[in-house]
Amino acid sequence: MNGWVLDCYADMAENRMVTWVRTNHGVERVVEDFVPRIYVQAPKDRLEKLRGDLALIGVDDTSVVRRRTGLGEREREVLSVAVRDYSAIQPLAVTIDSWGDYRRNLLYDVDLRMDQRYFLRKGIFGMGLVELPGLRSLDSNLRIDYPIPSLSSIELRVQTKGVGIPTFDDPITSVEVNDIVLDGPEGSILEQLQDLVRAEDPDIIYTAKGDSFYLPYLRKRAAENGMELELGRERGERTSRGKSFFTYGRIVYKPPGHKLRGRVHIDRESSFTFRESGLHGLIELSRLSMIPLQDVSRLSPGSAISAMQVNEAVRTGHVILWKKNRPEDFKTAGALIVSDRGGFIYEPRVGVHDGVWEVDFFSLYPSIMVAHNISPETVMCSCCPRSSHTVPELGYRICEKRTGLVPRVLVPILNRRRAYKELKKQGGHKGDMYDQRAKALKWVLVTCFGYTGYRNARFGRIECHESITAFGRDILMRSADIAERRGFEVLHGIVDSLWLKGDGNIRSYCEEIGREIGIPLNLEGRYEWIVFLPNISTGVGALNRYYGKFEGGELKVRGIAVRRKDTPTLVEDLQHDMLKHLSAAGDAPEFEELIPSSLEVLDRHAEEVRSGTVSRDRLVMRKSISRKLEEYVQFNDSVAALRQLRDRGFELQPGQSVEYLIMDSKSRSSWQRVRAAPFLDGDERYDAERYVDLALRGAAELLSPFGWNYQQLRDRDDRRRSKHRQERCL
DNA sequence: ACGGCACGGGG
DNA sequence: GTGTACGTGCCGT
């Protein structure tokens with residue numbers, strides 16, 4: 001019998017691996033013995049001494065084997081140490097480390113995931129096809145059109161009693177499973193839920209906020225009712241700890257994961273990959289990273305690519321250096337001198353332009369890594385001191401003898417993404433599935449570049465990061481030169497995109513660039529008109545703020561309020577309505593003609609705000625918080641809302657968002673200044689002038705190149721109001 | 001004027 | 001089990 005690897009985890013009590021296989025008839029639970037190994041590097045004589053010392057503390061299954069301890073290095077002798085007790089891996093490594101002679105950086109395969117170790121040893125992977133019994137692989141994760149089982153699922157929703165923020169003490173009102181509503185006394189709801197899950201036996205349970213609230217909540221409610229709710233196929237959840245961490249330039253909060261056994265819990269809100277690329281995106285990444293579906297759903301694309309790099313390294317005879325970095329050395333390198341304006345070439349020409357082409361490179365940075373063999377072990381390698389392959393500006397020499405680990409991992413990902421985009425274009429009922437897979441891969445490719453400059457990445461190196469941006473600048477500059485030679489005017493260019501105006505043959509230009517550079521240049525489209533916005537203080541073109549209308553009517557908008565998650569719905573609606581109004585224009589002159597009438601959209605919104613009738617949820621402000629309440633040094637709206645929440649016993653973690661209505665933006669009193677969203681009744685007085693001000697700023701953001709900056713709109717609004725008052729007096 | 005604070009990008 | 005650094009604009013003091 002054959003089936004797919006649905007779930008896998010370590011049984012920490014028995015020191016065995018548990019694998020759940022989905023067959024066409026149901027699921028099979030497979031338990032196998034598995035002994036993980038760690039590796040120690042030391043001079044030959046010390047290896048024997050170490051062996052003896054280990055035997056003295058009861059670690060007797062050791063052997064000397066040959067492995068590569070660094071990328072691109074030859075195999076050397078290392079001591080392989082079997083660790084039968086799974087929970088002893090880390091402590092044993094710490095012990096060996098403390099024995100001194102073996103110094104830092106000489107322990108390997110210490111911090112690898114158990115599932116990944118096991119999969120690598122067996123040659124199987126998440127959602128891969130295997131034979132039962134024995135879990136022999138019948139699949140390859142390089143396959144593009146692989147078979148997948150139809151997974152059954154339920155959607156779980158929970159309603160709680162109580163107002164405002166739900167807490168563990170609020171009883172359950174009802175539970176919805178798909179469209180079935182379970183209600184009645186709480187104990188009965190929980191029993192019905194348990195029966196239903198057992199009867200349906202789904203492979204996947206979807207929730208919204210299951211990790212951050214509902215799964216631990218249901219468990220607590222079950223305990224209150226003297227019962228034990230079991231949502232998995234086997235007892236016990238695999239919970240992790242929630243934490244705030246610094247990533248992507250900001251603090252984010254990751255709630256504790258609540259993973260089931262033998263059944264996949266996907267929290268739509270805590271899974272970035274699921275949100276962006278759905279179940280098929282997750283399956284694709286599970287296969288490539290070799291990590292079980294449920295676990296990969298909680299990983300960032302950066303961790304997924306890191307796992308793929310580990311897999312490739314292990315497959316080519318490497319052991320993986322123990323990464324002992326603790327969060328405390330998680331600061332940004334002060335001496336980092338990367339010109340990250342790397343992508344910037346042309347200052348955008350502020351104002352409206354018509355008949356503009358946008359072209360961009362297919363996955364530029366990953367393509368550069370592949371085309372130029374950029375990898376930690378290939379940039380300034382020791383084997384090619386006279387390499388003629390060098391990085392522009394920087395002069396780093398790149399290995400000509402061997403293909404690096406990073407390109408080896410990237411080639412299949414780039415090829416797959418291209419193939420899926422092509423398959424999607426061909427149409428057919430699987431189009432959606434291919435689209436999801438392509439999206440997941442896109443994110444993996446995007447994060448791969450950042451990862452090379454990340455200090456704590458296993459395979460990161462800052463010179464790679466520098467080299468990639470240097471090649472990128474060179475490529476964009478050459479592409480712009482060729483465009484100008486072909487008679488195009490370069491209006492703007494950044495990272496991997498160019499905006500060109502002119503009558504030249506754009507398709508033939510793209511082909512020439514593809515040939516010349518070796519990376520495909522895509523035609524994104526032609527704008528009927530596009531507006532590049534200025535930097536508000538300097539008046540010079542801002543790099544990433546523009547909006548435009550493609551032929552066909554689609555709008556593309558970057559960097560302005562509608563794209564920001566801290567914009568209240570009111571301002572979002574205002575900008576949308578103004579853009580919709582302006583999109584009637586077919587060229588630049590028509591656009592300019594529509595500007596005066598677009599101000600009427602603003603007037604309508606301002607009037608509605610002042611009438612006091614705007615629904616409060618359209619006025620709710622949302623800001624993510626970067627620290628705990630007491631760490632804020634400056635009083636502002638968010639702090640006022642946080643204080644309110646704490647007054648009522650609720651504490652937010654850094655990375656979570658605070659939501660509030662502005663009631664009197666000038667007040668120094670928290671309760672008069674704002675009202676935190678959970679405490680809103682819906683008929684609070686709001687600070688109308690403050691919201692009108694936000695609307696004015698929203699409008700000014702769109703119209704500043706056309707004689708209507710914030711102050712000008714402010715003055716116009718004042719004039720209109722006094723005129724209005726005069727009319728009323730007469 | 002200046003520091004504190006939050007956000008985007010990529011499709 | 002976590003991409004960087006930077007440009008940008010608003011707000012409070």
# chains A, B, ... in the order shown; residues from 1 in each chain; ligands from 1

call {"tool": "interface_residues", "arguments": {"of": "chain A", "to": "chain B", "cutoff": "7 Å", "atoms": "only C-alpha atoms (C1' of nucleotides)", "output": "PyMOL selection string"}}
result
chain A and resi 446+559+564+634

call {"tool": "residues_around", "arguments": {"residues": "Ala419 in chain A", "least_positions_apart": "6", "cutoff": "9 Å", "atoms": "only C-alpha atoms (C1' of nucleotides)", "output": "PyMOL selection string"}}
result
chain A and resi 144+434+438

call {"tool": "atom_distance", "arguments": {"atom1": "CA of Asp170 in chain A", "atom2": "CA of Gly187 in chain A"}}
result
13.6 Å

call {"tool": "select_by_dssp", "arguments": {"residues": "range 52-159 of chain A", "states": "helix (DSSP H, G or I)", "output": "PyMOL selection string"}}
result
chain A and resi 52-56+86-98+114-122

call {"tool": "write_last_selection", "arguments": {"atoms": "C-alpha atoms", "output": "PDB file, in the first residue's frame"}}
result
ATOM      1  CA  GLY A  52      37.147   7.671  25.697  1.00  0.00           C
ATOM      2  CA  ASP A  53      35.715  10.569  27.683  1.00  0.00           C
ATOM      3  CA  LEU A  54      32.300  10.037  26.099  1.00  0.00           C
ATOM      4  CA  ALA A  55      32.391   6.334  26.936  1.00  0.00           C
ATOM      5  CA  LEU A  56      32.987   7.273  30.576  1.00  0.00           C
ATOM      6  CA  TYR A  86      16.306  12.812  21.982  1.00  0.00           C
ATOM      7  CA  SER A  87      16.161  15.355  24.779  1.00  0.00           C
ATOM      8  CA  ALA A  88      19.885  14.848  25.447  1.00  0.00           C
ATOM      9  CA  ILE A  89      21.121  16.218  22.122  1.00  0.00           C
ATOM     10  CA  GLN A  90      21.494  19.803  23.250  1.00  0.00           C
ATOM     11  CA  PRO A  91      22.790  19.044  26.787  1.00  0.00           C
ATOM     12  CA  LEU A  92      25.352  16.581  25.437  1.00  0.00           C
ATOM     13  CA  ALA A  93      26.557  19.161  22.923  1.00  0.00           C
ATOM     14  CA  VAL A  94      26.890  21.719  25.712  1.00  0.00           C
ATOM     15  CA  THR A  95      28.871  19.215  27.773  1.00  0.00           C
ATOM     16  CA  ILE A  96      31.277  18.396  24.948  1.00  0.00           C
ATOM     17  CA  ASP A  97      31.606  22.104  24.230  1.00  0.00           C
ATOM     18  CA  SER A  98      32.488  22.748  27.876  1.00  0.00           C
ATOM     19  CA  MET A 114      14.108  15.966  14.309  1.00  0.00           C
ATOM     20  CA  ASP A 115      11.661  15.542  11.432  1.00  0.00           C
ATOM     21  CA  GLN A 116      14.225  16.826   8.954  1.00  0.00           C
ATOM     22  CA  ARG A 117      16.978  14.522  10.301  1.00  0.00           C
ATOM     23  CA  TYR A 118      14.670  11.551  10.057  1.00  0.00           C
ATOM     24  CA  PHE A 119      13.440  12.426   6.570  1.00  0.00           C
ATOM     25  CA  LEU A 120      16.992  12.953   5.322  1.00  0.00           C
ATOM     26  CA  ARG A 121      18.094   9.593   6.694  1.00  0.00           C
ATOM     27  CA  LYS A 122      15.111   7.847   5.046  1.00  0.00           C
TER      28      LYS A 122
END

call {"tool": "interface_residues", "arguments": {"of": "chain C", "to": "chain A", "cutoff": "7 Å", "atoms": "only C-alpha atoms (C1' of nucleotides)", "output": "list in words"}}
result
DT2, DG3, DT4, DA5 and DG12 of chain C

call {"tool": "closest_residue", "arguments": {"among": "A:Arg719, A:Arg408, A:His353, A:Arg76", "to": "Pro589 in chain A", "atoms": "only C-alpha atoms"}}
result
A:His353

call {"tool": "residues_around", "arguments": {"residues": "Val356 in chain A", "least_positions_apart": "6", "cutoff": "6 Å", "atoms": "only C-alpha atoms (C1' of nucleotides)", "output": "compact mmCIF listing (two decimals) with all heavy atoms, in the first residue's frame"}}
result
# COMPACT_ATOMS: atom_id res chain seq x y z
N LEU A 500 9.66 53.36 -18.80
CA LEU A 500 10.19 53.93 -20.04
C LEU A 500 9.09 54.61 -20.83
O LEU A 500 7.96 54.12 -20.91
CB LEU A 500 10.80 52.82 -20.91
CG LEU A 500 11.83 51.92 -20.22
CD1 LEU A 500 12.21 50.76 -21.15
CD2 LEU A 500 13.07 52.71 -19.84
N LYS A 501 9.45 55.75 -21.44
CA LYS A 501 8.49 56.43 -22.29
C LYS A 501 9.09 56.59 -23.68
O LYS A 501 10.27 56.93 -23.81
CB LYS A 501 8.17 57.81 -21.70
CG LYS A 501 7.19 58.59 -22.55
CD LYS A 501 6.62 59.78 -21.82
CE LYS A 501 5.74 60.56 -22.81
NZ LYS A 501 4.79 61.42 -22.15
N ARG A 526 1.63 48.69 -20.05
CA ARG A 526 1.74 50.08 -20.50
C ARG A 526 0.73 50.89 -19.72
O ARG A 526 -0.46 50.55 -19.65
CB ARG A 526 1.44 50.15 -22.00
CG ARG A 526 1.58 51.54 -22.59
CD ARG A 526 1.31 51.46 -24.09
NE ARG A 526 1.06 52.75 -24.69
CZ ARG A 526 2.00 53.53 -25.23
NH1 ARG A 526 3.24 53.12 -25.23
NH2 ARG A 526 1.69 54.69 -25.76
N TYR A 527 1.19 51.96 -19.11
CA TYR A 527 0.31 52.84 -18.36
C TYR A 527 -0.31 53.87 -19.30
O TYR A 527 0.41 54.49 -20.09
CB TYR A 527 1.09 53.61 -17.29
CG TYR A 527 1.61 52.77 -16.14
CD1 TYR A 527 2.89 52.24 -16.18
CD2 TYR A 527 0.82 52.54 -15.02
CE1 TYR A 527 3.37 51.49 -15.12
CE2 TYR A 527 1.30 51.80 -13.96
CZ TYR A 527 2.58 51.27 -14.02
OH TYR A 527 3.06 50.54 -12.97

call {"tool": "select_by_dssp", "arguments": {"residues": "range 243-450 of chain A", "states": "strand (DSSP E or B)", "output": "ChimeraX atom specification"}}
result
/A:243-247,250-254,258-259,264-267,318,321,344-346,351-361,379,390,397-398
